[in-house]
>>> print(open('data_25.cif').read())   # mmCIF, C-alpha atoms
data_structure
loop_
_atom_site.group_PDB
_atom_site.id
_atom_site.type_symbol
_atom_site.label_atom_id
_atom_site.label_comp_id
_atom_site.auth_asym_id
_atom_site.auth_seq_id
_atom_site.Cartn_x
_atom_site.Cartn_y
_atom_site.Cartn_z
ATOM 1 C CA MET I 1 0.000 0.000 0.000
ATOM 2 C CA ALA I 2 1.683 3.189 -1.135
ATOM 3 C CA SER I 3 -0.193 6.440 -0.759
ATOM 4 C CA LEU I 4 0.386 9.983 0.374
ATOM 5 C CA SER I 5 -1.378 11.508 3.345
ATOM 6 C CA ASN I 6 -2.902 14.939 2.937
ATOM 7 C CA SER I 7 -1.475 16.049 6.279
ATOM 8 C CA THR I 8 1.140 18.797 6.360
ATOM 9 C CA VAL I 9 4.596 17.260 6.462
ATOM 10 C CA ASN I 10 6.802 20.302 7.106
ATOM 11 C CA VAL I 11 5.676 22.667 9.864
ATOM 12 C CA PRO I 12 6.692 26.336 10.126
ATOM 13 C CA PHE I 13 8.617 26.867 13.343
ATOM 14 C CA SER I 14 9.114 29.675 15.787
ATOM 15 C CA ALA I 15 11.981 29.212 18.247
ATOM 16 C CA ASP I 16 10.049 31.208 20.822
ATOM 17 C CA GLU I 17 6.894 29.126 20.522
ATOM 18 C CA ASN I 18 6.402 26.519 23.231
ATOM 19 C CA ARG I 19 3.929 23.708 22.903
ATOM 20 C CA GLU I 20 2.801 21.387 25.673
ATOM 21 C CA MET I 21 3.997 17.826 25.236
ATOM 22 C CA PRO I 22 1.076 15.394 24.865
ATOM 23 C CA LYS I 23 0.932 12.396 27.178
ATOM 24 C CA ILE I 24 2.511 9.234 25.857
ATOM 25 C CA LEU I 25 2.412 5.578 26.848
ATOM 26 C CA LYS I 26 5.273 3.108 26.929
ATOM 27 C CA PHE I 27 6.085 1.398 23.655
ATOM 28 C CA LYS I 28 8.847 -0.650 22.039
ATOM 29 C CA ILE I 29 11.224 0.741 19.405
ATOM 30 C CA GLY I 30 12.817 -1.544 16.829
ATOM 31 C CA LEU I 31 16.192 -0.311 15.542
ATOM 32 C CA CYS I 32 17.072 -2.084 12.293
ATOM 33 C CA GLN I 33 20.815 -2.110 11.676
ATOM 34 C CA LEU I 34 21.457 -3.187 8.101
ATOM 35 C CA SER I 35 24.581 -4.157 6.197
ATOM 36 C CA VAL I 36 24.045 -2.523 2.816
ATOM 37 C CA THR I 37 25.303 -4.003 -0.461
ATOM 38 C CA SER I 38 25.333 -2.804 -4.070
ATOM 39 C CA ASP I 39 22.338 -5.093 -4.787
ATOM 40 C CA LYS I 40 19.284 -2.915 -4.216
ATOM 41 C CA ASN I 41 16.810 -5.802 -4.266
ATOM 42 C CA HIS I 42 18.871 -7.566 -1.623
ATOM 43 C CA ASN I 43 18.855 -4.424 0.519
ATOM 44 C CA LEU I 44 15.086 -4.146 0.240
ATOM 45 C CA ALA I 45 14.585 -7.799 1.156
ATOM 46 C CA ARG I 46 16.814 -7.468 4.238
ATOM 47 C CA ALA I 47 15.006 -4.319 5.319
ATOM 48 C CA ARG I 48 11.602 -5.995 4.977
ATOM 49 C CA ASN I 49 12.778 -8.975 7.002
ATOM 50 C CA SER I 50 14.274 -6.782 9.747
ATOM 51 C CA ILE I 51 11.103 -4.725 10.059
ATOM 52 C CA GLU I 52 8.955 -7.862 10.233
ATOM 53 C CA VAL I 53 11.193 -9.345 12.942
ATOM 54 C CA ALA I 54 10.875 -6.122 14.956
ATOM 55 C CA ALA I 55 7.092 -6.195 14.541
ATOM 56 C CA LYS I 56 6.913 -9.802 15.754
ATOM 57 C CA LYS I 57 8.884 -8.791 18.848
ATOM 58 C CA GLY I 58 6.288 -6.153 19.689
ATOM 59 C CA ALA I 59 7.753 -2.954 18.266
ATOM 60 C CA SER I 60 5.302 -0.130 17.622
ATOM 61 C CA LEU I 61 7.941 2.179 16.123
ATOM 62 C CA VAL I 62 10.652 0.955 13.749
ATOM 63 C CA VAL I 63 13.623 3.067 12.686
ATOM 64 C CA LEU I 64 15.919 2.326 9.748
ATOM 65 C CA PRO I 65 19.432 3.743 9.174
ATOM 66 C CA GLU I 66 20.572 6.410 6.739
ATOM 67 C CA MET I 67 20.833 5.171 3.136
ATOM 68 C CA TRP I 68 19.514 1.705 3.983
ATOM 69 C CA ASN I 69 18.719 0.920 0.338
ATOM 70 C CA CYS I 70 21.917 2.292 -1.170
ATOM 71 C CA PRO I 71 25.683 2.187 -0.554
ATOM 72 C CA TYR I 72 26.756 5.412 1.146
ATOM 73 C CA SER I 73 28.819 6.701 -1.766
ATOM 74 C CA THR I 74 28.414 9.642 -4.116
ATOM 75 C CA HIS I 75 28.869 7.174 -6.991
ATOM 76 C CA TYR I 76 25.618 5.371 -6.130
ATOM 77 C CA PHE I 77 23.182 8.066 -4.997
ATOM 78 C CA ALA I 78 21.882 9.088 -8.435
ATOM 79 C CA LYS I 79 21.618 5.479 -9.623
ATOM 80 C CA TYR I 80 19.549 4.415 -6.599
ATOM 81 C CA ALA I 81 17.449 7.591 -6.315
ATOM 82 C CA GLU I 82 13.669 7.352 -6.491
ATOM 83 C CA ASP I 83 10.906 9.809 -7.308
ATOM 84 C CA PHE I 84 8.543 9.219 -4.394
ATOM 85 C CA ASP I 85 5.608 10.511 -6.430
ATOM 86 C CA ASP I 86 6.123 7.660 -8.910
ATOM 87 C CA LYS I 87 4.406 4.831 -7.060
ATOM 88 C CA ASN I 88 5.327 2.239 -9.690
ATOM 89 C CA GLY I 89 9.007 3.171 -9.840
ATOM 90 C CA SER I 90 9.678 3.903 -6.180
ATOM 91 C CA LEU I 91 10.311 0.413 -4.820
ATOM 92 C CA SER I 92 11.845 1.480 -1.508
ATOM 93 C CA PHE I 93 9.062 3.954 -0.739
ATOM 94 C CA SER I 94 6.406 1.368 -1.597
ATOM 95 C CA LEU I 95 8.085 -1.274 0.556
ATOM 96 C CA LEU I 96 7.989 0.915 3.664
ATOM 97 C CA SER I 97 4.371 1.853 3.032
ATOM 98 C CA GLU I 98 3.315 -1.772 2.547
ATOM 99 C CA VAL I 99 5.086 -3.185 5.583
ATOM 100 C CA ALA I 100 3.874 -0.338 7.828
ATOM 101 C CA PHE I 101 0.298 -1.136 6.809
ATOM 102 C CA ALA I 102 0.736 -4.921 7.028
ATOM 103 C CA HIS I 103 2.028 -4.763 10.609
ATOM 104 C CA SER I 104 0.292 -1.582 11.859
ATOM 105 C CA LEU I 105 3.626 0.137 12.494
ATOM 106 C CA THR I 106 4.951 3.654 12.612
ATOM 107 C CA ILE I 107 8.135 3.601 10.526
ATOM 108 C CA VAL I 108 10.840 6.251 10.453
ATOM 109 C CA GLY I 109 12.322 5.112 7.183
ATOM 110 C CA GLY I 110 15.968 6.010 7.729
ATOM 111 C CA SER I 111 16.890 7.865 4.580
ATOM 112 C CA MET I 112 16.901 7.216 0.852
ATOM 113 C CA PRO I 113 18.177 9.193 -2.133
ATOM 114 C CA GLU I 114 15.169 11.095 -3.472
ATOM 115 C CA ARG I 115 14.884 12.603 -6.942
ATOM 116 C CA ARG I 116 12.716 15.710 -6.822
ATOM 117 C CA ASN I 117 12.468 18.439 -9.469
ATOM 118 C CA GLU I 118 15.667 17.180 -11.137
ATOM 119 C CA LEU I 119 17.602 17.500 -7.849
ATOM 120 C CA LEU I 120 18.711 14.815 -5.389
ATOM 121 C CA TYR I 121 17.950 14.910 -1.653
ATOM 122 C CA ASN I 122 18.889 12.736 1.306
ATOM 123 C CA THR I 123 15.345 12.159 2.546
ATOM 124 C CA CYS I 124 13.638 10.437 5.464
ATOM 125 C CA CYS I 125 10.013 9.309 5.088
ATOM 126 C CA VAL I 126 7.737 8.615 8.061
ATOM 127 C CA PHE I 127 4.842 6.208 7.542
ATOM 128 C CA GLY I 128 1.850 5.559 9.784
ATOM 129 C CA PRO I 129 0.108 2.253 10.577
ATOM 130 C CA ASP I 130 -2.306 2.953 7.704
ATOM 131 C CA GLY I 131 0.596 2.856 5.244
ATOM 132 C CA ASN I 132 0.301 6.530 4.382
ATOM 133 C CA LEU I 133 3.204 8.961 4.315
ATOM 134 C CA LYS I 134 2.880 11.171 7.394
ATOM 135 C CA ALA I 135 5.988 13.318 6.977
ATOM 136 C CA LYS I 136 9.107 13.789 4.926
ATOM 137 C CA TYR I 137 12.394 15.401 5.910
ATOM 138 C CA SER I 138 15.413 16.206 3.743
ATOM 139 C CA LYS I 139 18.818 16.421 5.431
ATOM 140 C CA MET I 140 19.729 20.042 6.080
ATOM 141 C CA HIS I 141 23.430 19.824 6.945
ATOM 142 C CA MET I 142 25.577 18.185 4.281
ATOM 143 C CA PHE I 143 28.499 16.060 5.447
ATOM 144 C CA ASP I 144 31.657 17.296 3.729
ATOM 145 C CA ILE I 145 34.983 16.094 5.100
ATOM 146 C CA HIS I 146 38.614 15.843 4.044
ATOM 147 C CA ILE I 147 41.175 14.169 6.298
ATOM 148 C CA PRO I 148 44.388 13.631 4.301
ATOM 149 C CA GLY I 149 45.366 9.982 4.210
ATOM 150 C CA ASP I 150 42.073 8.885 5.781
ATOM 151 C CA ILE I 151 38.789 10.045 4.265
ATOM 152 C CA SER I 152 37.554 12.507 1.658
ATOM 153 C CA PHE I 153 33.826 12.830 1.036
ATOM 154 C CA LYS I 154 31.542 15.656 -0.082
ATOM 155 C CA GLU I 155 27.848 14.940 0.221
ATOM 156 C CA SER I 156 27.145 18.412 -1.171
ATOM 157 C CA GLU I 157 28.566 17.369 -4.560
ATOM 158 C CA VAL I 158 25.449 15.271 -5.114
ATOM 159 C CA PHE I 159 22.705 16.241 -2.674
ATOM 160 C CA THR I 160 20.795 19.480 -2.272
ATOM 161 C CA ALA I 161 20.297 20.500 1.344
ATOM 162 C CA GLY I 162 16.782 20.556 2.750
ATOM 163 C CA ASP I 163 15.512 23.795 4.272
ATOM 164 C CA GLN I 164 12.647 22.759 6.570
ATOM 165 C CA PRO I 165 12.636 21.074 9.991
ATOM 166 C CA THR I 166 10.031 18.326 10.222
ATOM 167 C CA ILE I 167 8.029 17.288 13.260
ATOM 168 C CA VAL I 168 5.200 14.781 13.077
ATOM 169 C CA ASP I 169 2.477 13.537 15.402
ATOM 170 C CA THR I 170 2.304 9.747 15.302
ATOM 171 C CA ASP I 171 0.561 6.943 17.169
ATOM 172 C CA VAL I 172 3.591 6.733 19.495
ATOM 173 C CA GLY I 173 4.033 10.460 20.103
ATOM 174 C CA ARG I 174 5.466 13.592 18.538
ATOM 175 C CA ILE I 175 8.708 12.945 16.649
ATOM 176 C CA GLY I 176 11.295 15.364 15.286
ATOM 177 C CA ILE I 177 13.470 14.170 12.408
ATOM 178 C CA GLY I 178 17.147 14.778 11.677
ATOM 179 C CA ILE I 179 19.645 12.760 9.644
ATOM 180 C CA CYS I 180 23.155 11.829 10.798
ATOM 181 C CA HIS I 181 25.282 15.026 10.523
ATOM 182 C CA ASP I 182 22.258 17.090 11.621
ATOM 183 C CA ILE I 183 22.902 15.878 15.175
ATOM 184 C CA ARG I 184 25.942 18.158 15.379
ATOM 185 C CA PHE I 185 23.733 21.238 15.216
ATOM 186 C CA PRO I 186 21.850 21.815 18.493
ATOM 187 C CA GLU I 187 19.510 24.427 17.044
ATOM 188 C CA LEU I 188 17.449 21.745 15.298
ATOM 189 C CA ALA I 189 16.959 19.840 18.569
ATOM 190 C CA MET I 190 16.080 23.077 20.360
ATOM 191 C CA ILE I 191 13.376 23.804 17.780
ATOM 192 C CA TYR I 192 11.915 20.329 18.172
ATOM 193 C CA ARG I 193 11.944 20.629 21.957
ATOM 194 C CA SER I 194 10.109 23.944 21.755
ATOM 195 C CA ARG I 195 7.457 22.223 19.635
ATOM 196 C CA GLY I 196 6.858 19.517 22.228
ATOM 197 C CA ALA I 197 8.699 16.577 20.678
ATOM 198 C CA HIS I 198 8.912 13.397 22.752
ATOM 199 C CA LEU I 199 11.598 11.902 20.579
ATOM 200 C CA ILE I 200 14.128 12.983 17.974
ATOM 201 C CA CYS I 201 15.223 10.351 15.482
ATOM 202 C CA TYR I 202 18.582 10.783 13.740
ATOM 203 C CA PRO I 203 19.062 7.906 11.272
ATOM 204 C CA GLY I 204 22.787 7.830 10.610
ATOM 205 C CA ALA I 205 25.635 6.248 8.693
ATOM 206 C CA PHE I 206 28.559 7.562 10.751
ATOM 207 C CA ASN I 207 32.039 6.703 9.512
ATOM 208 C CA MET I 208 34.667 5.371 11.912
ATOM 209 C CA SER I 209 37.047 8.294 11.310
ATOM 210 C CA THR I 210 34.839 10.845 13.084
ATOM 211 C CA GLY I 211 31.894 8.809 14.339
ATOM 212 C CA GLU I 212 33.858 6.818 16.896
ATOM 213 C CA LEU I 213 34.913 10.022 18.652
ATOM 214 C CA LEU I 214 31.598 11.867 18.466
ATOM 215 C CA TRP I 215 28.794 9.284 18.433
ATOM 216 C CA GLU I 216 28.102 8.978 22.160
ATOM 217 C CA LEU I 217 29.138 12.549 22.960
ATOM 218 C CA GLU I 218 26.662 14.037 20.523
ATOM 219 C CA GLN I 219 23.849 11.810 21.772
ATOM 220 C CA ARG I 220 24.431 13.050 25.305
ATOM 221 C CA ALA I 221 24.621 16.643 24.104
ATOM 222 C CA ARG I 222 21.264 16.435 22.313
ATOM 223 C CA GLN I 223 19.670 14.829 25.382
ATOM 224 C CA VAL I 224 20.277 18.134 27.128
ATOM 225 C CA HIS I 225 17.579 19.518 24.828
ATOM 226 C CA LEU I 226 15.290 16.498 24.913
ATOM 227 C CA CYS I 227 14.868 13.637 27.327
ATOM 228 C CA LEU I 228 15.073 10.956 24.600
ATOM 229 C CA THR I 229 17.122 10.872 21.411
ATOM 230 C CA ASN I 230 17.060 7.902 19.085
ATOM 231 C CA LEU I 231 19.796 7.033 16.593
ATOM 232 C CA CYS I 232 20.001 4.170 14.144
#
>>> encode(input="data_25.cif", output="structure tokens")
Amino acid sequence: MASLSNSTVNVPFSADENREMPKILKFKIGLCQLSVTSDKNHNLARARNSIEVAAKKGASLVVLPEMWNCPYSTHYFAKYAEDFDDKNGSLSFSLLSEVAFAHSLTIVGGSMPERRNELLYNTCCVFGPDGNLKAKYSKMHMFDIHIPGDISFKESEVFTAGDQPTIVDTDVGRIGIGICHDIRFPELAMIYRSRGAHLICYPGAFNMSTGELLWELEQRARQVHLCLTNLC
């Protein structure tokens, strides 16, 4: 089941606006860690299986990692990109919609390369238990790095940066969305906190050159702004 909800997906924000946090019950979160290959169909099959295993174990919310359907390389992003408005050609989008509906899940769909208006975006889609798209967020802070003799990578060579924070009310609470490198910028978390978010999800694909040093530190730093931060 692949369909778009008519609900607003990107909400205008005011840093000075405070919103009361709705009450929330306990629930289980399934974090699906996936080893991605260059075979897209294989990646989709592994993602489906991981989500179904999480559902069987009682998860109400499932979170996938950044670029779960595609190797994290500028050489692959355009090849694996999907137009999410093309329901027949967007296999990854359709998969998340179908499995969310089949198992009555809320899914924060990591991120996928999205083709939109002839540009590419690093985009996270959030699906509700009805299989409809509830929200979409495009990564705002591009990860560009050059460490001589270690790593050189420029996400901005391929992707266009998003320009809108995204917060979404779901069956498990109010969720703010960031992607990987976004976690280094506290302003986004502060905005989500001011809008009453229970949870911020940062699907990531951290590399070992910088991620090993910053992964736990940045989680703790963002928890200053919100009581619960979720990374996958």
>>> residues_around(input="data_25.cif", residues="I:Ile51", least_positions_apart="5", cutoff="8 Å", atoms="all atoms listed in the file", output="ChimeraX atom specification")
/I:30,32,62,99
>>> closest_residue(input="data_25.cif", among="I:Arg174, I:Arg48, I:Arg195, I:Lys56", to="I:Ser94", atoms="all atoms listed in the file")
I:Arg48
>>> atom_distance(input="data_25.cif", atom1="atom CA of I:Ala81", atom2="atom CA of I:Glu114")
5.1 Å
>>> resolve_selection(input="data_25.cif", expression="the PyMOL selection byres ((chain I and resi 96-98) around 10)", output="ChimeraX atom specification")
/I:1-4,44,47-48,51,91-95,99-109,125-133
>>> resolve_selection(input="data_25.cif", expression="the PyMOL selection byres ((chain I and resi 181) around 10)", output="VMD selection string")
chain I and resid 139 to 144 178 to 180 182 to 185 202 to 206 211
>>> closest_residue(input="data_25.cif", among="I:Asp86, I:Phe77, I:Ser111, I:Leu120", to="I:Pro65", atoms="only C-alpha atoms")
I:Ser111
>>> closest_residue(input="data_25.cif", among="I:Met190, I:Ser35, I:Trp68, I:Tyr76", to="I:Glu155", atoms="only C-alpha atoms")
I:Tyr76
>>> closest_residue(input="data_25.cif", among="I:Gly58, I:Gly89, I:Pro165, I:Gly110", to="I:Leu34", atoms="only C-alpha atoms")
I:Gly110
>>> resolve_selection(input="data_25.cif", expression="the PyMOL selection byres ((chain I and resi 80) around 10)", output="ChimeraX atom specification")
/I:38,40,67,69-71,75-79,81-82,90,92,112-115
>>> axis_aligned_box(input="data_25.cif", around="stretch 102-121 of chain I", padding_each_side="6 Å", output="AutoDock Vina command-line options")
--center_x 9.5 --center_y 6.8 --center_z 0.7 --size_x 30.4 --size_y 35.4 --size_z 35.7
>>> atom_distance(input="data_25.cif", atom1="atom CA of I:Gly196", atom2="atom CA of I:Ile175")
8.8 Å
>>> closest_residue(input="data_25.cif", among="I:Asp39, I:Asp171, I:Asp163, I:Glu157", to="I:Lys136", atoms="only C-alpha atoms")
I:Asp163
>>> atom_distance(input="data_25.cif", atom1="atom CA of I:Glu118", atom2="atom CA of I:Phe84")
12.6 Å
>>> residues_around(input="data_25.cif", residues="I:Ile29", least_positions_apart="4", cutoff="7 Å", atoms="only C-alpha atoms", output="list in words")
Ala59, Ser60, Leu61 and Val62 of chain I
>>> closest_residue(input="data_25.cif", among="I:Asp83, I:Ile177, I:Ser156, I:Thr37", to="I:Val63", atoms="all atoms listed in the file")
I:Ile177
